[in-house]
file final15.cif (mmCIF, C-alpha atoms (C1' of nucleotides))
data_model
loop_
_atom_site.label_atom_id
_atom_site.label_comp_id
_atom_site.auth_asym_id
_atom_site.auth_seq_id
_atom_site.Cartn_x
_atom_site.Cartn_y
_atom_site.Cartn_z
CA MET A 1 26.03 29.06 -19.94
CA ILE A 2 26.18 27.38 -23.30
CA ALA A 3 29.91 27.93 -22.92
CA VAL A 4 29.95 25.20 -20.29
CA PHE A 5 28.49 22.75 -22.75
CA ARG A 6 30.88 23.83 -25.47
CA LYS A 7 33.83 23.36 -23.19
CA TYR A 8 32.57 19.91 -22.25
CA LEU A 9 32.36 18.96 -25.92
CA GLU A 10 35.86 20.21 -26.60
CA GLU A 11 37.21 18.08 -23.78
CA LYS A 12 35.22 14.95 -24.50
CA GLY A 13 35.38 14.64 -28.26
CA ASN A 14 37.43 15.65 -31.24
CA PHE A 15 35.21 18.14 -32.96
CA THR A 16 35.92 20.65 -35.70
CA GLU A 17 34.82 24.22 -35.18
CA THR A 18 31.93 23.66 -37.58
CA GLU A 19 30.78 20.58 -35.74
CA LEU A 20 30.90 22.37 -32.42
CA ASN A 21 28.67 25.04 -33.87
CA THR A 22 26.25 22.51 -35.29
CA ILE A 23 25.97 20.76 -31.94
CA THR A 24 25.60 23.85 -29.81
CA ALA A 25 23.04 25.17 -32.28
CA ALA A 26 20.95 22.07 -31.64
CA VAL A 27 20.49 22.71 -27.93
CA ALA A 28 17.93 24.83 -26.17
CA ILE A 29 18.96 26.33 -22.87
CA LYS A 30 16.36 26.05 -20.16
CA LYS A 31 16.45 27.60 -16.74
CA VAL A 32 14.99 25.56 -13.91
CA ARG A 33 14.50 27.37 -10.63
CA LYS A 34 14.96 25.65 -7.30
CA ARG A 35 12.03 23.33 -6.57
CA GLN A 36 10.83 23.57 -10.13
CA TYR A 37 10.25 20.42 -12.18
CA LEU A 38 12.17 19.56 -15.28
CA LEU A 39 10.08 16.41 -15.63
CA GLN A 40 6.98 15.25 -13.81
CA GLU A 41 5.77 11.73 -13.31
CA GLY A 42 3.29 10.84 -16.04
CA ASP A 43 4.82 13.07 -18.68
CA VAL A 44 6.80 11.70 -21.57
CA TRP A 45 10.42 12.73 -21.61
CA LYS A 46 11.68 13.76 -25.02
CA PHE A 47 15.19 15.11 -24.57
CA ASN A 48 18.70 14.61 -23.53
CA ALA A 49 19.59 17.08 -20.86
CA PHE A 50 23.05 18.35 -20.05
CA VAL A 51 23.41 20.33 -16.85
CA THR A 52 25.36 23.57 -17.34
CA LYS A 53 24.61 24.99 -13.92
CA GLY A 54 23.08 23.91 -10.64
CA CYS A 55 21.94 20.57 -9.30
CA LEU A 56 18.96 18.33 -10.02
CA ARG A 57 17.63 15.04 -8.76
CA THR A 58 15.64 12.21 -10.29
CA TYR A 59 13.24 10.54 -7.91
CA SER A 60 10.08 8.50 -7.68
CA VAL A 61 7.29 8.63 -5.13
CA ASP A 62 5.91 5.35 -3.79
CA GLU A 63 2.41 4.42 -2.54
CA LYS A 64 3.28 5.65 0.92
CA GLY A 65 4.35 9.01 -0.41
CA ILE A 66 8.02 8.33 0.24
CA GLU A 67 10.49 9.78 -2.24
CA HIS A 68 13.27 7.62 -3.64
CA VAL A 69 16.21 9.43 -5.18
CA LEU A 70 17.55 7.54 -8.17
CA ASN A 71 20.11 10.08 -9.32
CA PHE A 72 21.69 13.44 -8.82
CA ALA A 73 23.02 15.60 -11.63
CA VAL A 74 25.30 18.61 -11.33
CA GLU A 75 27.31 20.64 -13.84
CA ASN A 76 28.68 18.56 -16.72
CA TRP A 77 26.41 15.62 -16.01
CA TRP A 78 23.61 14.34 -18.15
CA THR A 79 20.14 13.72 -16.85
CA GLY A 80 16.70 12.76 -18.09
CA ASP A 81 14.69 9.57 -18.26
CA ARG A 82 16.12 7.20 -20.83
CA GLU A 83 13.36 4.70 -20.18
CA SER A 84 10.63 7.14 -21.14
CA LEU A 85 12.67 8.62 -23.96
CA GLN A 86 13.25 5.24 -25.51
CA THR A 87 9.87 3.62 -25.00
CA GLY A 88 7.73 6.73 -25.39
CA LYS A 89 5.88 5.75 -22.23
CA PRO A 90 4.99 8.20 -19.45
CA SER A 91 7.81 8.59 -16.98
CA GLU A 92 7.67 7.07 -13.51
CA TYR A 93 10.08 9.70 -12.27
CA ASN A 94 10.24 13.33 -11.34
CA ILE A 95 13.23 15.51 -11.97
CA ASP A 96 13.46 18.75 -10.07
CA ALA A 97 16.07 21.33 -9.26
CA LEU A 98 17.76 21.42 -5.86
CA GLU A 99 19.32 24.76 -6.76
CA ASP A 100 18.60 27.33 -9.42
CA SER A 101 19.84 25.47 -12.44
CA GLU A 102 20.30 25.56 -16.15
CA VAL A 103 20.18 22.68 -18.57
CA ALA A 104 20.95 22.30 -22.25
CA LEU A 105 18.19 20.30 -23.92
CA ILE A 106 18.57 18.41 -27.16
CA SER A 107 15.48 16.87 -28.67
CA ARG A 108 15.52 13.21 -29.57
CA GLU A 109 15.32 14.04 -33.27
CA LYS A 110 18.22 16.45 -33.27
CA TYR A 111 20.22 14.13 -31.08
CA ASP A 112 19.74 11.23 -33.48
CA GLN A 113 20.60 13.51 -36.36
CA LEU A 114 23.82 14.61 -34.69
CA CYS A 115 24.70 10.98 -34.09
CA ARG A 116 24.19 10.23 -37.75
CA ASP A 117 25.94 13.30 -39.16
CA ILE A 118 28.86 13.64 -36.78
CA PRO A 119 30.75 10.40 -36.10
CA ALA A 120 32.69 12.01 -33.29
CA PHE A 121 29.42 12.88 -31.59
CA ASN A 122 28.22 9.32 -31.95
CA ASN A 123 31.44 8.09 -30.41
CA MET A 124 31.17 10.51 -27.54
CA VAL A 125 27.62 9.43 -26.87
CA SER A 126 28.62 5.78 -26.83
CA ALA A 127 31.44 6.50 -24.44
CA ILE A 128 29.11 8.36 -22.10
CA LEU A 129 26.60 5.54 -22.17
CA GLU A 130 29.31 2.99 -21.54
CA LYS A 131 30.54 4.98 -18.57
CA SER A 132 27.03 5.44 -17.21
CA PHE A 133 26.47 1.72 -17.40
CA ARG A 134 29.64 0.96 -15.52
CA VAL A 135 28.76 3.47 -12.84
CA ALA A 136 25.37 1.83 -12.49
CA GLN A 137 26.92 -1.63 -12.23
CA ASN A 138 29.26 -0.43 -9.51
CA ARG A 139 26.37 1.06 -7.63
CA ILE A 140 24.50 -2.23 -7.86
CA HIS A 141 27.55 -3.99 -6.55
CA THR A 142 27.60 -1.86 -3.42
CA PHE A 143 23.89 -2.54 -2.94
CA ILE A 144 24.36 -6.29 -2.97
CA SER A 145 27.57 -6.36 -0.98
CA ALA A 146 27.77 -3.39 1.38
CA GLY A 147 25.99 -2.36 4.57
CA ALA A 148 24.63 1.12 5.20
CA GLU A 149 27.83 2.58 6.62
CA GLU A 150 29.96 1.21 3.84
CA LYS A 151 27.56 2.57 1.24
CA TYR A 152 27.81 6.01 2.77
CA LEU A 153 31.60 5.92 2.88
CA SER A 154 31.67 4.88 -0.74
CA PHE A 155 29.37 7.78 -1.58
CA LEU A 156 31.71 10.18 0.22
CA GLU A 157 34.60 8.92 -1.85
CA LYS A 158 32.84 9.09 -5.16
CA PHE A 159 30.90 12.30 -4.72
CA PRO A 160 32.58 14.45 -2.07
CA HIS A 161 31.31 17.59 -3.77
CA LEU A 162 27.71 16.41 -3.50
CA VAL A 163 27.83 15.93 0.24
CA MET A 164 27.93 19.64 0.94
CA ARG A 165 25.45 20.39 -1.77
CA VAL A 166 22.41 18.20 -1.31
CA PRO A 167 20.34 17.55 1.81
CA GLN A 168 21.41 14.53 3.83
CA SER A 169 17.95 13.09 3.67
CA MET A 170 18.28 12.85 -0.10
CA ILE A 171 21.65 11.21 0.13
CA ALA A 172 20.10 8.70 2.50
CA SER A 173 17.36 8.06 -0.02
CA TYR A 174 19.92 7.66 -2.79
CA LEU A 175 21.65 5.04 -0.66
CA GLY A 176 18.43 3.20 0.06
CA ILE A 177 18.38 4.01 3.78
CA THR A 178 16.35 6.39 5.92
CA ALA A 179 17.45 9.87 6.94
CA GLU A 180 17.50 8.80 10.58
CA THR A 181 19.79 5.87 9.90
CA LEU A 182 22.20 8.08 7.98
CA SER A 183 22.22 10.59 10.80
CA ARG A 184 23.16 7.83 13.23
CA ILE A 185 25.85 6.47 10.95
CA ARG A 186 27.43 9.90 10.71
CA LYS A 187 27.39 10.16 14.47
CA GLN A 188 29.20 6.83 14.72
CA LEU A 189 31.78 7.93 12.18
CA VAL A 190 32.61 11.10 14.08
CA LYS A 191 33.58 9.00 17.08
CA LYS A 192 36.40 7.44 15.08
CA MET B 1 26.03 -23.13 -31.77
CA ILE B 2 27.22 -20.17 -33.80
CA ALA B 3 23.80 -20.44 -35.41
CA VAL B 4 22.30 -19.04 -32.22
CA PHE B 5 24.47 -15.96 -32.52
CA ARG B 6 23.67 -15.57 -36.19
CA LYS B 7 19.97 -15.77 -35.50
CA TYR B 8 20.33 -13.16 -32.79
CA LEU B 9 22.07 -10.82 -35.20
CA GLU B 10 19.38 -11.32 -37.82
CA GLU B 11 16.71 -10.40 -35.32
CA LYS B 12 18.48 -7.47 -33.72
CA GLY B 13 20.01 -5.67 -36.66
CA ASN B 14 19.64 -5.11 -40.35
CA PHE B 15 22.62 -6.89 -41.75
CA THR B 16 23.47 -7.95 -45.27
CA GLU B 17 24.58 -11.51 -45.84
CA THR B 18 28.15 -10.32 -46.23
CA GLU B 19 28.04 -8.41 -42.98
CA LEU B 20 26.63 -11.39 -41.13
CA ASN B 21 29.52 -13.45 -42.38
CA THR B 22 32.05 -10.82 -41.38
CA ILE B 23 30.62 -10.64 -37.89
CA THR B 24 30.32 -14.36 -37.30
CA ALA B 25 33.84 -14.81 -38.67
CA ALA B 26 35.09 -12.49 -35.92
CA VAL B 27 33.90 -14.64 -33.06
CA ALA B 28 35.59 -17.56 -31.39
CA ILE B 29 33.35 -20.17 -29.84
CA LYS B 30 34.41 -21.31 -26.41
CA LYS B 31 32.97 -24.10 -24.35
CA VAL B 32 32.80 -23.58 -20.63
CA ARG B 33 31.96 -26.60 -18.53
CA LYS B 34 29.89 -26.39 -15.39
CA ARG B 35 31.92 -24.85 -12.53
CA GLN B 36 34.60 -23.74 -14.95
CA TYR B 37 35.74 -20.10 -15.03
CA LEU B 38 35.32 -17.84 -18.01
CA LEU B 39 37.02 -15.06 -16.07
CA GLN B 40 38.86 -15.07 -12.77
CA GLU B 41 39.39 -12.19 -10.41
CA GLY B 42 42.69 -10.52 -11.09
CA ASP B 43 42.72 -11.32 -14.79
CA VAL B 44 42.14 -8.67 -17.41
CA TRP B 45 39.02 -9.22 -19.48
CA LYS B 46 39.52 -8.63 -23.18
CA PHE B 47 36.34 -9.69 -24.92
CA ASN B 48 32.70 -9.29 -25.46
CA ALA B 49 30.97 -12.53 -24.75
CA PHE B 50 27.65 -13.66 -26.15
CA VAL B 51 26.10 -16.74 -24.58
CA THR B 52 24.90 -19.26 -27.15
CA LYS B 53 24.19 -22.02 -24.66
CA GLY B 54 24.00 -22.55 -20.94
CA CYS B 55 24.07 -20.21 -18.01
CA LEU B 56 26.80 -18.18 -16.32
CA ARG B 57 27.12 -15.86 -13.40
CA THR B 58 29.28 -12.86 -12.59
CA TYR B 59 30.21 -12.56 -8.93
CA SER B 60 32.69 -11.12 -6.51
CA VAL B 61 34.05 -12.55 -3.29
CA ASP B 62 34.40 -10.26 -0.28
CA GLU B 63 36.86 -10.30 2.64
CA LYS B 64 34.67 -12.74 4.53
CA GLY B 65 34.63 -15.12 1.61
CA ILE B 66 31.02 -14.41 0.77
CA GLU B 67 30.06 -14.47 -2.89
CA HIS B 68 27.99 -11.66 -4.35
CA VAL B 69 26.23 -12.37 -7.62
CA LEU B 70 26.17 -9.30 -9.83
CA ASN B 71 24.65 -10.87 -12.92
CA PHE B 72 23.35 -13.96 -14.60
CA ALA B 73 23.65 -14.62 -18.31
CA VAL B 74 21.78 -17.25 -20.33
CA GLU B 75 21.32 -17.84 -24.04
CA ASN B 76 21.18 -14.65 -26.10
CA TRP B 77 22.59 -12.50 -23.31
CA TRP B 78 25.91 -10.74 -23.24
CA THR B 79 28.35 -11.08 -20.42
CA GLY B 80 31.87 -10.07 -19.46
CA ASP B 81 33.40 -7.29 -17.43
CA ARG B 82 33.05 -3.94 -19.14
CA GLU B 83 34.98 -2.23 -16.37
CA SER B 84 38.06 -4.34 -16.90
CA LEU B 85 37.66 -4.32 -20.68
CA GLN B 86 37.48 -0.55 -20.79
CA THR B 87 40.09 0.36 -18.21
CA GLY B 88 42.48 -2.51 -18.83
CA LYS B 89 42.64 -3.10 -15.09
CA PRO B 90 42.44 -6.55 -13.48
CA SER B 91 38.86 -7.64 -12.95
CA GLU B 92 37.28 -7.70 -9.50
CA TYR B 93 34.86 -10.35 -10.66
CA ASN B 94 34.66 -13.99 -11.46
CA ILE B 95 32.50 -15.42 -14.18
CA ASP B 96 31.78 -19.11 -14.09
CA ALA B 97 29.36 -21.53 -15.66
CA LEU B 98 26.34 -22.83 -13.75
CA GLU B 99 25.69 -25.33 -16.52
CA ASP B 100 27.77 -26.66 -19.39
CA SER B 101 27.82 -23.58 -21.56
CA GLU B 102 29.07 -22.09 -24.77
CA VAL B 103 29.97 -18.50 -25.47
CA ALA B 104 30.89 -16.55 -28.58
CA LEU B 105 33.90 -14.34 -27.87
CA ILE B 106 34.82 -11.24 -29.83
CA SER B 107 38.08 -9.56 -29.02
CA ARG B 108 38.10 -5.88 -28.24
CA GLU B 109 40.01 -5.12 -31.43
CA LYS B 110 37.66 -7.00 -33.72
CA TYR B 111 34.69 -5.59 -31.90
CA ASP B 112 35.89 -2.03 -32.42
CA GLN B 113 36.65 -2.82 -36.02
CA LEU B 114 33.16 -4.17 -36.58
CA CYS B 115 31.75 -1.02 -35.03
CA ARG B 116 33.76 1.09 -37.39
CA ASP B 117 33.15 -0.92 -40.55
CA ILE B 118 29.53 -1.90 -40.10
CA PRO B 119 27.23 0.94 -39.09
CA ALA B 120 24.40 -1.47 -38.40
CA PHE B 121 26.63 -3.28 -35.93
CA ASN B 122 27.50 -0.05 -34.22
CA ASN B 123 23.82 0.78 -33.94
CA MET B 124 23.02 -2.63 -32.54
CA VAL B 125 25.76 -2.30 -29.97
CA SER B 126 24.48 1.11 -28.90
CA ALA B 127 20.97 -0.24 -28.56
CA ILE B 128 22.18 -3.14 -26.42
CA LEU B 129 24.17 -0.82 -24.20
CA GLU B 130 21.22 1.52 -23.88
CA LYS B 131 19.00 -1.37 -22.88
CA SER B 132 21.55 -2.70 -20.41
CA PHE B 133 21.77 0.68 -18.80
CA ARG B 134 18.03 0.93 -18.41
CA VAL B 135 17.85 -2.54 -16.90
CA ALA B 136 20.56 -1.54 -14.44
CA GLN B 137 18.70 1.64 -13.51
CA ASN B 138 15.55 -0.32 -12.85
CA ARG B 139 17.43 -2.73 -10.68
CA ILE B 140 18.87 0.17 -8.70
CA HIS B 141 15.39 1.53 -8.29
CA THR B 142 14.18 -1.67 -6.67
CA PHE B 143 17.21 -1.62 -4.38
CA ILE B 144 16.43 1.84 -3.08
CA SER B 145 12.69 1.40 -2.86
CA ALA B 146 11.79 -2.25 -2.25
CA GLY B 147 12.08 -4.66 0.67
CA ALA B 148 13.33 -8.22 0.36
CA GLU B 149 9.98 -9.77 -0.51
CA GLU B 150 9.20 -7.17 -3.13
CA LYS B 151 12.62 -7.60 -4.70
CA TYR B 152 12.05 -11.32 -4.99
CA LEU B 153 8.62 -10.89 -6.55
CA SER B 154 10.05 -8.47 -9.04
CA PHE B 155 12.75 -11.00 -9.89
CA LEU B 156 10.11 -13.65 -10.47
CA GLU B 157 8.32 -11.36 -12.90
CA LYS B 158 11.39 -10.35 -14.82
CA PHE B 159 13.22 -13.67 -14.93
CA PRO B 160 10.75 -16.53 -14.45
CA HIS B 161 12.96 -18.81 -16.52
CA LEU B 162 15.93 -18.22 -14.23
CA VAL B 163 14.10 -19.31 -11.10
CA MET B 164 14.11 -22.94 -12.12
CA ARG B 165 17.56 -22.74 -13.49
CA VAL B 166 19.84 -21.28 -10.87
CA PRO B 167 20.22 -22.18 -7.18
CA GLN B 168 18.09 -20.15 -4.80
CA SER B 169 21.11 -19.13 -2.81
CA MET B 170 22.47 -17.35 -5.87
CA ILE B 171 19.19 -15.60 -6.52
CA ALA B 172 19.28 -14.44 -2.92
CA SER B 173 22.78 -13.12 -3.45
CA TYR B 174 21.70 -11.36 -6.64
CA LEU B 175 18.95 -9.66 -4.64
CA GLY B 176 21.32 -8.64 -1.89
CA ILE B 177 19.77 -10.88 0.78
CA THR B 178 20.87 -14.12 2.44
CA ALA B 179 19.78 -17.59 1.35
CA GLU B 180 18.01 -18.07 4.68
CA THR B 181 15.99 -14.91 4.31
CA LEU B 182 14.92 -15.88 0.80
CA SER B 183 13.90 -19.30 2.02
CA ARG B 184 11.67 -17.69 4.66
CA ILE B 185 10.18 -15.27 2.20
CA ARG B 186 9.23 -18.12 -0.09
CA LYS B 187 7.61 -19.92 2.82
CA GLN B 188 5.57 -16.82 3.59
CA LEU B 189 4.51 -16.49 -0.04
CA VAL B 190 3.24 -20.06 -0.20
CA LYS B 191 0.85 -19.29 2.62
CA LYS B 192 -0.92 -16.74 0.42
"C1'" DC C 1 12.98 37.40 13.85
"C1'" DG C 2 9.30 33.72 12.40
"C1'" DA C 3 8.45 30.12 9.33
"C1'" DT C 4 10.02 26.41 7.07
"C1'" DT C 5 12.99 22.83 6.17
"C1'" DC C 6 16.41 19.67 7.63
"C1'" DT C 7 18.72 17.01 11.16
"C1'" DT C 8 19.12 14.70 15.39
"C1'" DT C 9 17.60 11.80 19.18
"C1'" DG C 10 15.03 8.23 21.77
"C1'" DA C 11 12.36 4.07 22.40
"C1'" DA C 12 9.92 0.33 20.45
"C1'" DA C 13 8.99 -2.65 16.65
"C1'" DA C 14 10.01 -4.82 12.34
"C1'" DC C 15 13.26 -6.76 9.56
"C1'" DA C 16 17.20 -9.22 8.03
"C1'" DG C 17 21.53 -11.63 9.30
"C1'" DT C 18 24.19 -15.31 11.75
"C1'" DC C 19 25.21 -19.78 13.27
"C1'" DA C 20 24.29 -24.45 13.76
"C1'" DA C 21 21.51 -28.32 12.89
"C1'" DT C 22 18.45 -30.86 10.06
"C1'" DC C 23 16.23 -32.17 5.91
"C1'" DT C 24 15.92 -33.14 0.87
"C1'" DG C 25 17.08 -34.49 -3.44
"C1'" DT C 26 20.74 -35.95 -6.72
"C1'" DG C 27 24.26 -38.49 -8.32
"C1'" DT C 28 28.19 -41.74 -7.58
"C1'" DG C 29 30.76 -45.66 -6.48
"C1'" DG C 30 30.74 -50.07 -4.35
"C1'" DC D 1 20.40 -51.50 -6.25
"C1'" DC D 2 21.77 -49.66 -2.11
"C1'" DA D 3 24.42 -46.70 0.80
"C1'" DC D 4 26.73 -42.78 1.07
"C1'" DA D 5 28.36 -38.27 0.07
"C1'" DC D 6 27.35 -33.81 -1.35
"C1'" DA D 7 25.18 -29.61 -2.46
"C1'" DG D 8 21.36 -26.97 -1.70
"C1'" DA D 9 17.27 -25.70 1.06
"C1'" DT D 10 14.99 -25.25 5.32
"C1'" DT D 11 14.33 -24.40 10.23
"C1'" DG D 12 15.06 -22.57 14.95
"C1'" DA D 13 17.00 -19.55 18.27
"C1'" DC D 14 19.49 -15.63 18.71
"C1'" DT D 15 21.78 -11.27 17.51
"C1'" DG D 16 22.20 -7.18 15.23
"C1'" DT D 17 20.73 -3.64 12.18
"C1'" DT D 18 17.41 -0.64 10.23
"C1'" DT D 19 12.85 1.35 10.32
"C1'" DT D 20 9.13 3.74 12.40
"C1'" DC D 21 7.01 7.28 14.91
"C1'" DA D 22 7.20 11.18 17.64
"C1'" DA D 23 9.51 14.97 19.46
"C1'" DA D 24 13.05 18.22 20.00
"C1'" DG D 25 16.99 20.85 18.05
"C1'" DA D 26 19.69 23.31 14.38
"C1'" DA D 27 20.01 25.73 10.26
"C1'" DT D 28 18.35 28.55 6.55
"C1'" DC D 29 15.70 31.96 4.15
"C1'" DG D 30 12.59 35.52 3.34
#

call {"tool": "encode", "arguments": {"input": "final15.cif", "output": "structure tokens"}}
result
Amino acid sequence: MIAVFRKYLEEKGNFTETELNTITAAVAIKKVRKRQYLLQEGDVWKFNAFVTKGCLRTYSVDEKGIEHVLNFAVENWWTGDRESLQTGKPSEYNIDALEDSEVALISREKYDQLCRDIPAFNNMVSAILEKSFRVAQNRIHTFISAGAEEKYLSFLEKFPHLVMRVPQSMIASYLGITAETLSRIRKQLVKK
Amino acid sequence: MIAVFRKYLEEKGNFTETELNTITAAVAIKKVRKRQYLLQEGDVWKFNAFVTKGCLRTYSVDEKGIEHVLNFAVENWWTGDRESLQTGKPSEYNIDALEDSEVALISREKYDQLCRDIPAFNNMVSAILEKSFRVAQNRIHTFISAGAEEKYLSFLEKFPHLVMRVPQSMIASYLGITAETLSRIRKQLVKK
DNA sequence: CGATTCTTTGAAAACAGTCAATCTGTGTGG
DNA sequence: CCACACAGATTGACTGTTTTCAAAGAATCG
């Protein structure tokens, strides 16, 4: 499955054969079975994780025991907890697999080293971060401006492939609404 | 007011005197009077803007004419529209000044050049982006997990200086609630 | 199958939004 | 210095949306 990562690199950056080898040599492939944790609340996250197979979610659990899904990650997406990685503090999030999955892990040290040694890698990383930020801003914009139905429609547009793949209740959570509300919204939408 | 920017650079990165001069030479100071636009919807944004004085907001206007505040920016913060800057598409946002303000503008070209020529600048930029992303993620987390009151309290904690500085109605908008609701929440809070 | 997980539905309650009116403080021009 | 205008904040009554809780119905997997 490292091939998936290699292909991603070839598409995203301009790497020489040697560089590609250096980068892929820096990753450790890890299998994460369905329901298994990649990260648990309280642990310190020390990697960058690239998903080569499957689907994972990042979520927190509040005082009432309710789960709040912050992110999904499928093939060719990055995941992890940047907050914990950067600050060295225990994570407030859990990451677990919604399907049998596989991730490519790069330790912080190797990642930094790659950034220093391979300019193209550094550029790629910046571009990814930039994109991630813009995606986050757009998501915030829908939170401040859109109602529940509109948020769902926007989710459908942006992530049609996720709709069939993750439980509705988690999509609801991702949108900041309850599973019941989402169910009702879908019912309304069918009528049209 | 360029001194503010220079001081920021000295604190954030490890620059030589020459580098500092190169960077500060690349910026154009622009005054923006209260109520004046720095960016208008439909225009393409072509800069990175660092606020040296005053306070600005980024907002959109929906079909009903309601304004939605995406961001505030005061001294030592960056602002602009990364989406428009990156894609070259017309911006969906307006940025205007809430007070008489001053910003340091760096064009995309000069910015890229600085990134290429001065590694320390590139590093600083990455760090800022990284931080911005984390802030955005945290904001998303409060949107999916917190009610109106909790969101306001969290705003108070994170931006106590902004509370006295920007109209309540805009804070409400930033939190994704109406001005009336915020007013009632504040009334409730006083009782405690 | 049988067990588990996920979704749907209903009714009541909590929450937030809307609209219109009033109040408050600030600044301006006469 | 006052009166007035204006923007922002507050309040009340009402409407609408979303949550909550509980139960029943699919769907999925071993």

call {"tool": "resolve_selection", "arguments": {"input": "final15.cif", "expression": "the PyMOL selection byres ((chain A) within 9 of (chain B))", "output": "PyMOL selection string"}}
result
chain A and resi 60+62+66-70+82-83+86+126+129-134+136-137+139-141+143-146+173-177

call {"tool": "atom_distance", "arguments": {"input": "final15.cif", "atom1": "atom CA of Arg184 of chain B", "atom2": "atom CA of Ser169 of chain B"}}
result
12.1 Å

call {"tool": "atom_distance", "arguments": {"input": "final15.cif", "atom1": "atom CA of Trp78 of chain A", "atom2": "atom CA of Trp78 of chain B"}}
result
25.7 Å

call {"tool": "interface_residues", "arguments": {"input": "final15.cif", "of": "chain A", "to": "chain D", "cutoff": "10 Å", "atoms": "all atoms listed in the file", "output": "short mmCIF file (atom, residue, chain, number, x, y, z; two decimals) with C-alpha atoms, in the frame of the given file"}}
result
data_model
loop_
_atom_site.label_atom_id
_atom_site.label_comp_id
_atom_site.auth_asym_id
_atom_site.auth_seq_id
_atom_site.Cartn_x
_atom_site.Cartn_y
_atom_site.Cartn_z
CA GLY A 147 25.99 -2.36 4.57
CA ALA A 148 24.63 1.12 5.20
CA ILE A 177 18.38 4.01 3.78
CA THR A 178 16.35 6.39 5.92
CA GLU A 180 17.50 8.80 10.58
CA THR A 181 19.79 5.87 9.90
#

call {"tool": "closest_residue", "arguments": {"input": "final15.cif", "among": "C:DT4, C:DT9, C:DT24, C:DT18", "to": "chain A", "atoms": "only C-alpha atoms (C1' of nucleotides)"}}
result
C:DT9

call {"tool": "residues_around", "arguments": {"input": "final15.cif", "residues": "Ala179 of chain A", "least_positions_apart": "6", "cutoff": "10 Å", "atoms": "all atoms listed in the file", "output": "PDB file with C-alpha atoms (C1' of nucleotides), in the coordinates of the input"}}
result
ATOM      1  CA  PRO A 167      20.340  17.550   1.810  1.00  0.00           C
ATOM      2  CA  GLN A 168      21.410  14.530   3.830  1.00  0.00           C
ATOM      3  CA  SER A 169      17.950  13.090   3.670  1.00  0.00           C
ATOM      4  CA  MET A 170      18.280  12.850  -0.100  1.00  0.00           C
ATOM      5  CA  ILE A 171      21.650  11.210   0.130  1.00  0.00           C
ATOM      6  CA  ALA A 172      20.100   8.700   2.500  1.00  0.00           C
ATOM      7  CA  SER A 173      17.360   8.060  -0.020  1.00  0.00           C
ATOM      8  CA  ILE A 185      25.850   6.470  10.950  1.00  0.00           C
TER       9      ILE A 185
ATOM     10  C1'  DC C   6      16.410  19.670   7.630  1.00  0.00           C
ATOM     11  C1'  DT C   7      18.720  17.010  11.160  1.00  0.00           C
ATOM     12  C1'  DT C   8      19.120  14.700  15.390  1.00  0.00           C
TER      13       DT C   8
END

call {"tool": "atom_distance", "arguments": {"input": "final15.cif", "atom1": "atom CA of Glu17 of chain B", "atom2": "atom CA of Val4 of chain B"}}
result
15.7 Å

call {"tool": "decode", "arguments": {"input": "final15.cif", "residues": "segment 27-38 of chain A", "atoms": "C-alpha atoms", "output": "compact mmCIF listing (two decimals), in the first residue's frame"}}
result
# COMPACT_ATOMS: atom_id res chain seq x y z
CA VAL A 27 7.43 6.12 6.51
CA ALA A 28 6.21 3.21 8.56
CA ILE A 29 3.09 1.47 7.37
CA LYS A 30 0.60 0.71 10.08
CA LYS A 31 -2.55 -1.31 9.79
CA VAL A 32 -5.51 -0.15 11.83
CA ARG A 33 -8.43 -2.52 12.03
CA LYS A 34 -12.01 -1.31 12.15
CA ARG A 35 -12.82 0.13 15.59
CA GLN A 36 -9.17 0.20 16.53
CA TYR A 37 -7.56 3.42 17.74
CA LEU A 38 -4.80 5.19 15.94
